[in-house]
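Asker: Just one file: input-v6.txt, with compact mmCIF, C-alpha atoms.
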```txt
# COMPACT_ATOMS: atom_id res chain seq x y z
CA MET J 180 -307.61 13.96 101.35
CA ARG J 181 -305.23 13.29 104.24
CA PHE J 182 -301.72 14.67 104.68
CA LEU J 183 -298.60 13.19 106.28
CA ALA J 184 -295.25 14.76 107.11
CA ILE J 185 -292.42 12.22 106.91
CA THR J 186 -288.69 12.04 107.58
CA LEU J 187 -285.99 9.50 106.76
CA ILE J 188 -283.76 11.28 109.32
CA VAL J 189 -281.05 11.99 106.77
CA HIS J 190 -277.88 13.11 108.56
CA ARG J 191 -275.56 14.93 106.20
CA PRO J 192 -274.29 18.50 105.99
CA ASP J 193 -276.96 21.11 105.28
CA PRO J 194 -277.20 21.27 101.48
CA VAL J 195 -276.88 25.07 101.53
CA THR J 196 -274.70 25.97 104.55
CA GLY J 197 -272.56 22.82 104.64
CA VAL J 198 -272.98 22.54 108.43
CA LEU J 199 -273.48 19.06 109.92
CA LYS J 200 -275.66 19.09 113.02
CA PRO J 201 -274.68 16.91 115.98
CA THR J 202 -276.64 13.65 116.09
CA ARG J 203 -278.51 14.65 119.25
CA ASP J 204 -279.60 17.93 117.62
CA ARG J 205 -280.79 16.08 114.51
CA PHE J 206 -283.00 13.83 116.63
CA ARG J 207 -284.30 16.88 118.50
CA GLU J 208 -285.18 18.41 115.14
CA VAL J 209 -287.25 15.33 114.27
CA LEU J 210 -289.21 15.66 117.51
CA ASP J 211 -289.76 19.38 116.92
CA ASN J 212 -290.98 18.68 113.39
CA ALA J 213 -293.46 16.10 114.69
CA LEU J 214 -294.83 18.63 117.17
CA LEU J 215 -295.06 21.23 114.40
CA ALA J 216 -296.92 18.78 112.16
CA GLU J 217 -299.50 18.14 114.88
CA GLU J 218 -299.78 21.86 115.65
CA LEU J 219 -300.41 22.72 111.98
CA GLY J 220 -303.05 20.02 111.51
CA PHE J 221 -301.26 17.26 109.60
CA ASP J 222 -303.02 13.90 109.85
CA GLY J 223 -299.90 11.78 110.31
CA PHE J 224 -296.16 11.83 110.93
CA GLY J 225 -293.91 9.17 109.45
CA VAL J 226 -290.40 7.96 110.28
CA GLY J 227 -288.44 5.89 107.79
CA GLU J 228 -286.16 2.93 108.44
CA ARG J 229 -282.66 2.72 106.98
CA HIS J 230 -279.60 0.95 108.34
CA GLU J 231 -276.82 2.74 106.51
CA ARG J 232 -275.11 6.08 106.06
CA PRO J 233 -276.30 8.90 105.95
CA PHE J 234 -279.48 7.94 107.84
CA LEU J 235 -280.23 7.92 111.57
CA SER J 236 -283.52 6.05 111.17
CA SER J 237 -282.36 2.57 112.21
CA SER J 238 -284.86 2.42 115.12
CA PRO J 239 -288.25 3.87 114.16
CA PRO J 240 -290.14 2.22 117.06
CA VAL J 241 -287.97 4.15 119.53
CA VAL J 242 -288.34 7.47 117.70
CA LEU J 243 -292.08 7.01 117.22
CA GLY J 244 -292.45 5.98 120.86
CA HIS J 245 -290.93 9.30 121.91
CA ILE J 246 -293.16 11.18 119.49
CA ALA J 247 -296.19 9.29 120.84
CA ALA J 248 -295.40 10.62 124.32
CA LEU J 249 -295.18 14.21 123.05
CA THR J 250 -298.28 14.24 120.85
CA ARG J 251 -301.96 13.49 121.34
CA ARG J 252 -303.77 13.40 118.00
CA ILE J 253 -301.53 12.80 115.02
CA ARG J 254 -301.26 9.26 113.62
CA LEU J 255 -297.81 7.68 113.62
CA PHE J 256 -296.48 5.99 110.47
CA THR J 257 -293.45 3.94 109.58
CA ALA J 258 -292.08 4.90 106.18
CA VAL J 259 -291.13 2.14 105.62
CA THR J 260 -290.68 -0.81 107.97
CA THR J 261 -288.10 -3.00 106.20
CA LEU J 262 -289.55 -6.41 107.00
CA SER J 263 -287.08 -8.18 104.69
CA LEU J 264 -284.32 -7.28 107.20
CA LEU J 265 -286.22 -7.92 110.42
CA ASP J 266 -287.31 -10.86 112.53
CA PRO J 267 -291.11 -10.55 112.22
CA VAL J 268 -291.61 -11.73 115.81
CA ARG J 269 -289.38 -8.98 117.18
CA ALA J 270 -290.95 -6.42 114.84
CA TYR J 271 -294.39 -7.48 116.06
CA GLU J 272 -293.37 -7.08 119.73
CA ASP J 273 -292.00 -3.59 119.12
CA TYR J 274 -294.99 -2.33 117.17
CA ALA J 275 -297.67 -3.97 119.32
CA THR J 276 -296.06 -2.20 122.29
CA LEU J 277 -295.98 1.11 120.40
CA ASP J 278 -299.61 0.59 119.40
CA HIS J 279 -300.60 0.59 123.08
CA LEU J 280 -298.32 3.47 124.07
CA SER J 281 -299.76 5.63 121.29
CA GLY J 282 -303.38 4.78 122.07
CA GLY J 283 -303.89 3.05 118.74
CA ARG J 284 -302.39 5.80 116.56
CA LEU J 285 -299.97 3.48 114.76
CA GLU J 286 -300.04 2.70 111.03
CA LEU J 287 -297.37 0.74 109.21
CA ILE J 288 -295.97 1.17 105.72
CA ILE J 289 -293.89 -1.91 104.95
CA GLY J 290 -291.39 -2.65 102.20
CA LYS J 291 -288.31 -4.66 101.34
CA GLY J 292 -286.00 -1.65 101.77
CA ASN J 293 -283.23 -0.26 99.57
CA GLY J 294 -279.48 -0.08 99.85
CA THR J 295 -276.60 -2.53 99.48
CA ALA J 296 -274.95 -1.67 102.82
CA GLN J 297 -277.99 -2.55 104.91
CA ARG J 298 -278.52 -5.79 102.99
CA ASP J 299 -274.92 -6.74 103.74
CA LEU J 300 -275.35 -5.77 107.39
CA PHE J 301 -278.21 -8.25 107.78
CA ALA J 302 -276.82 -10.90 105.39
CA VAL J 303 -279.76 -10.51 102.99
CA THR J 304 -279.26 -11.01 99.26
CA PRO J 305 -281.09 -9.34 96.38
CA GLU J 306 -282.27 -12.81 95.33
CA ASP J 307 -284.05 -13.58 98.62
CA GLN J 308 -285.09 -10.07 99.71
CA TRP J 309 -288.59 -10.22 98.23
CA ASP J 310 -289.21 -13.71 99.62
CA ARG J 311 -288.05 -12.55 103.04
CA ASN J 312 -290.38 -9.56 102.86
CA ALA J 313 -293.38 -11.71 101.94
CA GLU J 314 -292.67 -14.35 104.60
CA SER J 315 -292.06 -11.78 107.33
CA TYR J 316 -295.28 -9.99 106.48
CA GLU J 317 -297.30 -13.22 106.60
CA VAL J 318 -295.89 -14.06 110.04
CA PHE J 319 -296.32 -10.48 111.29
CA ARG J 320 -299.90 -10.42 110.02
CA GLN J 321 -300.77 -13.71 111.71
CA LEU J 322 -299.20 -12.63 115.00
CA TRP J 323 -301.25 -9.43 115.00
CA ARG J 324 -304.48 -11.32 114.45
CA HIS J 325 -304.07 -14.48 116.49
CA GLY J 326 -302.99 -15.32 120.01
CA ARG J 327 -301.02 -18.38 118.91
CA VAL J 328 -299.24 -18.94 115.60
CA THR J 329 -297.69 -21.92 113.84
CA ALA J 330 -295.55 -21.15 110.80
CA ALA J 331 -293.06 -23.25 108.82
CA THR J 332 -290.72 -20.35 108.07
CA ARG J 333 -287.58 -20.43 105.89
CA PHE J 334 -285.77 -17.31 107.10
CA ARG J 335 -286.19 -17.60 110.86
CA PRO J 336 -286.74 -20.56 113.23
CA PRO J 337 -290.20 -22.09 112.63
CA LEU J 338 -293.00 -21.22 115.03
CA GLN J 339 -295.00 -23.95 116.73
CA ASP J 340 -298.08 -22.77 118.62
CA ALA J 341 -296.09 -19.64 119.51
CA GLU J 342 -297.62 -17.11 121.87
CA VAL J 343 -296.25 -13.56 121.56
CA TRP J 344 -297.00 -10.62 123.83
CA PRO J 345 -298.32 -8.02 124.21
CA ARG J 346 -301.52 -8.50 122.28
CA PRO J 347 -302.05 -5.35 120.19
CA TYR J 348 -304.39 -2.45 120.86
CA GLN J 349 -305.79 -2.15 117.32
CA ARG J 350 -307.43 -5.22 115.81
CA PRO J 351 -305.91 -5.16 113.24
CA VAL J 352 -303.36 -2.46 112.61
CA ARG J 353 -303.55 -0.90 109.14
CA VAL J 354 -300.62 -1.93 106.94
CA TRP J 355 -299.75 -0.04 103.75
CA HIS J 356 -297.29 -1.45 101.22
CA GLY J 357 -294.61 0.92 100.05
CA SER J 358 -293.95 0.73 96.31
CA ALA J 359 -291.25 2.36 94.20
CA THR J 360 -290.66 0.59 90.89
CA SER J 361 -291.17 -3.15 91.49
CA ARG J 362 -294.33 -5.16 91.11
CA GLU J 363 -293.64 -7.53 94.02
CA SER J 364 -294.85 -5.10 96.70
CA VAL J 365 -297.88 -4.25 94.57
CA ASP J 366 -298.75 -7.94 94.20
CA LEU J 367 -298.45 -8.46 97.96
CA ALA J 368 -300.69 -5.49 98.75
CA ALA J 369 -303.37 -6.53 96.26
CA ARG J 370 -303.34 -10.15 97.43
CA TYR J 371 -304.13 -9.19 101.02
CA GLY J 372 -306.44 -6.28 100.19
CA ASP J 373 -304.09 -3.75 101.79
CA PRO J 374 -303.58 -0.10 100.77
CA LEU J 375 -300.65 0.93 98.58
CA PHE J 376 -298.26 3.85 99.14
CA SER J 377 -296.41 4.94 96.00
CA ALA J 378 -292.97 6.50 96.53
CA ASN J 379 -293.56 8.97 93.67
CA VAL J 380 -290.30 10.81 94.36
CA THR J 381 -287.39 10.06 92.03
CA HIS J 382 -288.99 9.98 88.56
CA PRO J 383 -291.82 11.63 86.63
CA VAL J 384 -295.26 10.25 87.35
CA GLU J 385 -295.49 7.66 84.54
CA PRO J 386 -293.80 4.62 86.17
CA TYR J 387 -295.68 5.21 89.41
CA ALA J 388 -298.99 5.54 87.57
CA ASP J 389 -298.26 2.26 85.76
CA LEU J 390 -297.74 0.46 89.09
CA VAL J 391 -300.90 1.93 90.59
CA ARG J 392 -302.84 0.81 87.52
CA TYR J 393 -301.35 -2.68 87.93
CA TYR J 394 -302.31 -2.63 91.63
CA ARG J 395 -305.93 -1.92 90.75
CA GLU J 396 -305.90 -4.76 88.21
CA ARG J 397 -304.50 -7.22 90.75
CA TRP J 398 -306.93 -5.93 93.40
CA ALA J 399 -309.85 -6.81 91.14
CA HIS J 400 -308.22 -10.16 90.24
CA HIS J 401 -308.23 -11.13 93.92
CA GLY J 402 -311.93 -10.27 94.23
CA HIS J 403 -311.69 -7.17 96.42
CA ASP J 404 -314.24 -4.37 96.27
CA PRO J 405 -312.97 -1.64 93.88
CA ALA J 406 -314.50 0.99 96.15
CA ALA J 407 -312.18 -0.10 98.97
CA VAL J 408 -308.94 0.72 97.12
CA ALA J 409 -306.69 3.21 98.94
CA VAL J 410 -303.55 4.75 97.47
CA GLY J 411 -301.08 7.15 99.03
CA ALA J 412 -298.32 9.03 97.22
CA GLY J 413 -295.15 10.89 98.11
CA THR J 414 -293.70 14.19 96.98
CA ALA J 415 -290.09 15.07 96.17
CA GLY J 416 -290.04 18.38 98.03
CA VAL J 417 -292.23 21.26 99.11
CA TYR J 418 -292.07 25.02 99.26
CA VAL J 419 -295.26 27.05 99.10
CA ALA J 420 -295.02 30.84 98.80
CA ARG J 421 -297.34 33.69 97.83
CA THR J 422 -296.06 33.67 94.23
CA SER J 423 -294.29 31.18 92.00
CA GLN J 424 -291.36 33.56 91.58
CA GLU J 425 -290.84 33.76 95.34
CA ALA J 426 -291.11 29.97 95.71
CA LEU J 427 -288.61 29.23 92.94
CA ALA J 428 -286.12 31.80 94.22
CA ALA J 429 -286.23 30.40 97.75
CA TYR J 430 -285.98 26.76 96.66
CA ARG J 431 -283.31 27.17 93.97
CA PRO J 432 -280.28 26.95 96.35
CA VAL J 433 -281.74 23.75 97.85
CA PHE J 434 -282.21 22.17 94.43
CA GLN J 435 -278.76 23.18 93.20
CA SER J 436 -277.05 21.82 96.30
CA ASN J 437 -278.94 18.53 96.08
CA LEU J 438 -278.08 18.28 92.38
CA ALA J 439 -274.39 18.74 93.18
CA PHE J 440 -274.65 16.03 95.87
CA GLN J 441 -276.23 13.60 93.39
CA ARG J 442 -273.40 14.15 90.91
CA GLU J 443 -270.66 13.89 93.54
CA THR J 444 -272.00 10.60 94.90
CA GLY J 445 -272.82 9.06 91.53
CA LEU J 446 -276.57 9.04 92.03
CA PRO J 447 -278.65 9.16 88.84
CA VAL J 448 -279.71 12.67 87.87
CA VAL J 449 -283.25 12.74 86.51
CA PHE J 450 -283.95 16.49 86.58
CA GLU J 451 -281.16 18.82 85.46
CA THR J 452 -282.91 22.10 86.26
CA LEU J 453 -285.25 23.35 88.96
CA GLU J 454 -287.84 24.25 86.35
CA ASP J 455 -287.85 20.70 84.98
CA TYR J 456 -287.92 19.31 88.53
CA VAL J 457 -291.03 21.34 89.32
CA GLU J 458 -292.68 20.74 85.95
CA ARG J 459 -292.17 16.96 85.55
CA GLY J 460 -291.35 15.83 89.09
CA SER J 461 -293.61 15.56 92.11
CA ALA J 462 -292.10 18.51 94.00
CA LEU J 463 -294.70 21.01 95.20
CA VAL J 464 -292.90 24.30 94.68
CA GLY J 465 -295.02 27.31 93.79
CA SER J 466 -297.99 29.41 94.79
CA PRO J 467 -300.95 27.82 96.62
CA GLN J 468 -302.98 27.67 93.41
CA GLN J 469 -300.11 26.06 91.50
CA VAL J 470 -299.69 23.43 94.20
CA ILE J 471 -303.43 22.71 94.26
CA GLU J 472 -303.48 22.26 90.48
CA LYS J 473 -300.43 20.00 90.54
CA VAL J 474 -301.86 17.70 93.22
CA HIS J 475 -305.01 17.42 91.12
CA ARG J 476 -302.96 16.48 88.04
CA TYR J 477 -301.24 13.74 90.00
CA HIS J 478 -304.55 12.62 91.49
CA GLU J 479 -305.89 12.13 87.96
CA ARG J 480 -303.02 9.68 87.32
CA LEU J 481 -302.75 7.98 90.71
CA GLY J 482 -306.16 8.36 92.36
CA HIS J 483 -304.39 8.88 95.68
CA THR J 484 -306.25 10.09 98.76
CA VAL J 485 -303.22 10.41 101.09
CA LEU J 486 -300.23 12.66 100.34
CA HIS J 487 -296.92 12.90 102.15
CA LEU J 488 -294.71 15.99 102.41
CA HIS J 489 -291.17 16.25 103.72
CA ALA J 490 -291.11 17.09 107.41
CA ASP J 491 -287.51 18.35 107.23
CA ALA J 492 -286.42 21.82 106.17
CA GLY J 493 -283.81 20.19 103.92
CA GLY J 494 -281.75 23.32 103.31
CA LEU J 495 -284.42 25.94 103.95
CA ASP J 496 -284.03 27.94 107.11
CA ASP J 497 -286.44 26.91 109.85
CA ARG J 498 -288.60 30.02 109.59
CA ALA J 499 -289.02 29.67 105.83
CA HIS J 500 -289.85 25.99 106.22
CA ARG J 501 -292.47 26.77 108.84
CA ARG J 502 -294.00 29.55 106.71
CA SER J 503 -294.26 27.14 103.79
CA LEU J 504 -296.02 24.45 105.84
CA GLU J 505 -298.32 27.04 107.42
CA LEU J 506 -299.31 28.31 103.99
CA PHE J 507 -299.82 24.77 102.76
CA GLN J 508 -302.17 24.03 105.66
CA SER J 509 -304.06 27.33 105.45
CA ALA J 510 -304.37 27.79 101.68
CA VAL J 511 -303.76 24.42 100.02
CA ALA J 512 -304.91 21.62 102.33
CA PRO J 513 -308.47 22.93 102.92
CA VAL J 514 -309.12 23.05 99.16
CA LEU J 515 -307.71 19.57 98.57
CA ARG J 516 -309.61 18.16 101.56
CA ALA J 517 -312.82 19.51 100.05
CA GLU J 518 -312.14 18.41 96.47
CA ILE J 519 -310.39 15.03 96.87
CA PRO J 520 -312.02 12.32 99.01
CA ASP J 521 -310.54 10.71 102.10
CA PRO J 522 -309.40 7.08 102.06
CA PRO J 523 -312.32 4.62 102.28
CA PHE J 524 -311.78 3.82 105.95
CA PRO J 525 -311.95 5.66 109.28
CA TRP J 526 -308.82 7.58 110.26
CA GLU J 527 -309.20 7.01 114.00
CA PRO J 528 -307.85 3.93 115.86
CA VAL J 529 -309.51 0.55 115.50
CA ALA J 530 -310.89 -0.17 118.96
CA PRO J 531 -309.55 -3.27 120.74
CA ASP J 532 -311.79 -6.26 121.33
CA THR J 533 -311.27 -6.47 125.10
CA GLY J 534 -313.78 -9.28 125.52
CA ARG J 535 -311.93 -11.64 123.21
CA GLU J 536 -308.60 -10.70 124.76
CA ALA J 537 -309.91 -11.59 128.21
CA LEU J 538 -311.05 -14.99 126.92
CA ARG J 539 -307.61 -15.72 125.45
CA VAL J 540 -305.85 -14.80 128.67
```
As structure tokens, how would this structure be written, given the file I've shared?

Answerer:
Amino acid sequence: MRFLAITLIVHRPDPVTGVLKPTRDRFREVLDNALLAEELGFDGFGVGERHERPFLSSSPPVVLGHIAALTRRIRLFTAVTTLSLLDPVRAYEDYATLDHLSGGRLELIIGKGNGTAQRDLFAVTPEDQWDRNAESYEVFRQLWRHGRVTAATRFRPPLQDAEVWPRPYQRPVRVWHGSATSRESVDLAARYGDPLFSANVTHPVEPYADLVRYYRERWAHHGHDPAAVAVGAGTAGVYVARTSQEALAAYRPVFQSNLAFQRETGLPVVFETLEDYVERGSALVGSPQQVIEKVHRYHERLGHTVLHLHADAGGLDDRAHRRSLELFQSAVAPVLRAEIPDPPFPWEPVAPDTGREALRV
């Protein structure tokens, strides 16, 4: 099993102290968390993309480019790239450049994105968002694979024998499809034979397991090898301590503050108590053995081989957050790595085909 630490770069007052960090300090925290993830042995670090309050993640290529310069080993993920809002040509240019700067450590998780404000900002409607996502991905995919592209697009000016630079480092880049509750992203992933990343955050496991089951059905329908299926899954929160009592006591103020925020802002409340949140939700709060057992229970439903954890402290003090991640990596991750297989593909960069590139030039 492989492990990612991800951030959406949420910028709101600390859920426990009420203090709002300056924007510059919040970005510095993201960089520090990426360095910590590499130091502790995480396999990847992901940065989300949102274009609305309270997020600072409107420019993941820039943030990941900075992280690429500070790190050497860890793979760099987008979580997710909102292709329904973006010009696929411009997105390709940004990420092909980042692919080179990172030495081929880039992986993409794509999706249509959520949020009314960012749809309005880019003049995208709910009715055309899925079509935009599918069209942008097709163009992006062709650009990554071919030196020249012709495409009769609906949502951007058509391309006629278009040549876009730079040519990428990895041939091709791995693209995951982020899925929450809709089948459209699952259909797109299965059609192209791409891996799926289930959000697995807001609700109990059942709706996510249903979508993963549907993904496997559509994968087989399109004639792909069942052994090549790869699924990732998220978690709603993490705090690993020596005992369950210690973990619950430390995490309770975080849960209660987040619950109050959900009620104040009108967000749907799924879990009313911390105990229910830990029992029926995907949060990994407990002793190492409890966390190991819970990941196995979810693996039985999802069959996932990649797991993401929150990179941010999210209301925990920095020392407690670090202790939790250290304990996860020392007492939880080694067991899960041994007992749950890796994805069915190499984790290292796909080497560039320099001979073919020279011919095209």

Asker: Calculated over all atoms listed in the file, which of the candidates J:Tyr371, J:Tyr430, J:Tyr387, J:Phe507 has the smallest distance to Leu481 in chain J?

Answerer: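 Answer, going by the shortest atom-to-atom distance: J:Tyr387.
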
Asker: Excluding Asp273 in chain J and its own-chain neighbours fewer than 2 positions away, which residues fall within 12 Å of it when counting only C-alpha atoms? Please give them as a list of chain:residue names.

Answerer: J:Ser238, J:Pro239, J:Pro240, J:Val241, J:Val242, J:Leu243, J:Gly244, J:Thr260, J:Leu265, J:Asp266, J:Pro267, J:Val268, J:Arg269, J:Ala270, J:Tyr271, J:Ala275, J:Thr276, J:Leu277, J:Asp278, J:His279, J:Leu280, J:Leu285, J:Phe319, J:Trp323, J:Val343, J:Trp344, J:Pro345, J:Arg346, J:Pro347

Asker: I'd like the neighbourhood of His401 in chain J as a list in words, where a residue qualifies if any of its atoms comes within 9 Å (using only C-alpha atoms), though same-chain residues fewer than 3 positions away should be ignored.

Answerer: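 Close residues of His401 in chain J: Ala369, Arg370, Tyr371, Gly372, Glu396, Arg397 and Trp398 of chain J.
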
Asker: Have a look at CA of Arg333 in chain J and CA of Glu314 in chain J and let me know their distance in Å, one decimal.

Answerer: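 CA of Arg333 in chain J sits 8.0 Å away from CA of Glu314 in chain J.
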
Asker: Determine the nearest neighbour of Gly357 in chain J from the options J:Ala258, J:Val511, J:Val419, J:Ala296, counting only C-alpha atoms.

Answerer: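 Looking only at the distances to Gly357 in chain J, the closest residue turns out to be J:Ala258.
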
Asker: Padding 4 Å on every side, please: axis-aligned box over the listed atoms of range 234-238 of chain J, centre and edge lengths to one decimal in Å, as AutoDock Vina command-line options.

Answerer:
```
--center_x -282.2 --center_y 5.2 --center_z 111.5 --size_x 13.4 --size_y 13.5 --size_z 15.3
```

Asker: Which of these, J:Asp521, J:Asp497, J:Asp299, J:Glu342, has the shortest distance to Asp222 in chain J once you count all atoms listed in the file?

Answerer: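 So, comparing all the options, the nearest one is J:Asp521.
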
Asker: Expressed in Å to a single decimal, how great is the separation between CA of Ala409 in chain J and CA of Pro374 in chain J?

Answerer: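 Computing the Euclidean distance for CA of Ala409 in chain J and CA of Pro374 in chain J yields 4.9 Å.
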
Asker: Just how far from CA of Trp526 in chain J is CA of Gly413 in chain J, in Å to one decimal?

Answerer: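 Calculated distance between CA of Gly413 in chain J and CA of Trp526 in chain J is 18.6 Å.
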
Asker: Residues within 9 Å of Glu527 in chain J, please, as a list in words. Count only C-alpha atoms; anything in the same chain fewer than 5 positions from it doesn't count.

Answerer: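 Contacts, with the query itself left out: Arg254, Gly283 and Arg284 of chain J.
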
Asker: Show me, as a ChimeraX atom specification, the residues that have an atom within 12 Å of Pro305 in chain J when counting only C-alpha atoms, minus same-chain residues fewer than 2 positions from it.

Answerer: /J:263-264,291-299,301-303,307-312

Asker: Compare J:Glu385, J:Glu317, J:Glu286, J:Asp340 by their minimum atom-to-atom distance to Val352 in chain J, counting all atoms listed in the file, and give me the closest one.

Answerer: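 Selected residue with least distance to Val352 in chain J: J:Glu286.
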
Asker: Here is a test: counting all atoms listed in the file, which residue of J:Ser503, J:Ser423, J:Thr452, J:Asn437 is nearest to Ser466 in chain J?

Answerer: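 Of J:Ser503, J:Ser423, J:Thr452, J:Asn437, the one nearest Ser466 in chain J is J:Ser423, counting all atoms listed in the file.
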
Asker: J:Gly290, J:Pro513, J:Gly493, J:Pro523: which is nearest Tyr418 in chain J, counting only C-alpha atoms?

Answerer: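 Selected residue with least distance to Tyr418 in chain J: J:Gly493.
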
Asker: Compile the contact shell of range 203-219 of chain J as a PyMOL selection string: residues with an atom at most 7 Å away, counting all atoms listed in the file, same-chain residues fewer than 3 positions apart removed.

Answerer: chain J and resi 184+200+224+246+250+253+490+505+508

Asker: Would you fill the gaps in range 507-520 of chain J so it has N, CA, C and O atoms, then print it as a PDB file, keeping the file's coordinate frame?

Answerer:
```
ATOM      1  N   PHE J 507    -299.227  25.983 103.304  1.00  0.00           N
ATOM      2  CA  PHE J 507    -299.820  24.770 102.760  1.00  0.00           C
ATOM      3  C   PHE J 507    -301.086  24.409 103.528  1.00  0.00           C
ATOM      4  O   PHE J 507    -302.127  24.105 102.931  1.00  0.00           O
ATOM      5  N   GLN J 508    -301.018  24.440 104.853  1.00  0.00           N
ATOM      6  CA  GLN J 508    -302.170  24.030 105.660  1.00  0.00           C
ATOM      7  C   GLN J 508    -303.306  25.051 105.631  1.00  0.00           C
ATOM      8  O   GLN J 508    -304.471  24.669 105.761  1.00  0.00           O
ATOM      9  N   SER J 509    -302.997  26.316 105.436  1.00  0.00           N
ATOM     10  CA  SER J 509    -304.060  27.330 105.450  1.00  0.00           C
ATOM     11  C   SER J 509    -304.684  27.570 104.080  1.00  0.00           C
ATOM     12  O   SER J 509    -305.883  27.861 103.980  1.00  0.00           O
ATOM     13  N   ALA J 510    -303.882  27.420 103.003  1.00  0.00           N
ATOM     14  CA  ALA J 510    -304.370  27.790 101.680  1.00  0.00           C
ATOM     15  C   ALA J 510    -304.484  26.633 100.700  1.00  0.00           C
ATOM     16  O   ALA J 510    -305.217  26.735  99.716  1.00  0.00           O
ATOM     17  N   VAL J 511    -303.766  25.549 100.946  1.00  0.00           N
ATOM     18  CA  VAL J 511    -303.760  24.420 100.020  1.00  0.00           C
ATOM     19  C   VAL J 511    -304.584  23.253 100.560  1.00  0.00           C
ATOM     20  O   VAL J 511    -305.502  22.756  99.899  1.00  0.00           O
ATOM     21  N   ALA J 512    -304.258  22.807 101.770  1.00  0.00           N
ATOM     22  CA  ALA J 512    -304.910  21.620 102.330  1.00  0.00           C
ATOM     23  C   ALA J 512    -306.429  21.737 102.406  1.00  0.00           C
ATOM     24  O   ALA J 512    -307.127  20.766 102.064  1.00  0.00           O
ATOM     25  N   PRO J 513    -307.001  22.870 102.848  1.00  0.00           N
ATOM     26  CA  PRO J 513    -308.470  22.930 102.920  1.00  0.00           C
ATOM     27  C   PRO J 513    -309.144  22.710 101.566  1.00  0.00           C
ATOM     28  O   PRO J 513    -310.194  22.069 101.489  1.00  0.00           O
ATOM     29  N   VAL J 514    -308.542  23.238 100.499  1.00  0.00           N
ATOM     30  CA  VAL J 514    -309.120  23.050  99.160  1.00  0.00           C
ATOM     31  C   VAL J 514    -309.036  21.582  98.745  1.00  0.00           C
ATOM     32  O   VAL J 514    -310.013  20.999  98.264  1.00  0.00           O
ATOM     33  N   LEU J 515    -307.874  20.973  98.951  1.00  0.00           N
ATOM     34  CA  LEU J 515    -307.710  19.570  98.570  1.00  0.00           C
ATOM     35  C   LEU J 515    -308.575  18.652  99.424  1.00  0.00           C
ATOM     36  O   LEU J 515    -309.106  17.647  98.933  1.00  0.00           O
ATOM     37  N   ARG J 516    -308.724  18.971 100.696  1.00  0.00           N
ATOM     38  CA  ARG J 516    -309.610  18.160 101.560  1.00  0.00           C
ATOM     39  C   ARG J 516    -311.048  18.209 101.040  1.00  0.00           C
ATOM     40  O   ARG J 516    -311.767  17.204 101.101  1.00  0.00           O
ATOM     41  N   ALA J 517    -311.454  19.361 100.535  1.00  0.00           N
ATOM     42  CA  ALA J 517    -312.820  19.510 100.050  1.00  0.00           C
ATOM     43  C   ALA J 517    -313.027  18.863  98.687  1.00  0.00           C
ATOM     44  O   ALA J 517    -314.122  18.378  98.383  1.00  0.00           O
ATOM     45  N   GLU J 518    -311.980  18.831  97.855  1.00  0.00           N
ATOM     46  CA  GLU J 518    -312.140  18.410  96.470  1.00  0.00           C
ATOM     47  C   GLU J 518    -311.699  16.971  96.191  1.00  0.00           C
ATOM     48  O   GLU J 518    -312.105  16.381  95.185  1.00  0.00           O
ATOM     49  N   ILE J 519    -310.855  16.411  97.056  1.00  0.00           N
ATOM     50  CA  ILE J 519    -310.390  15.030  96.870  1.00  0.00           C
ATOM     51  C   ILE J 519    -310.847  14.217  98.075  1.00  0.00           C
ATOM     52  O   ILE J 519    -310.647  14.635  99.217  1.00  0.00           O
ATOM     53  N   PRO J 520    -311.455  13.064  97.879  1.00  0.00           N
ATOM     54  CA  PRO J 520    -312.020  12.320  99.010  1.00  0.00           C
ATOM     55  C   PRO J 520    -310.951  11.766  99.945  1.00  0.00           C
ATOM     56  O   PRO J 520    -309.776  11.648  99.596  1.00  0.00           O
TER      57      PRO J 520
END
```
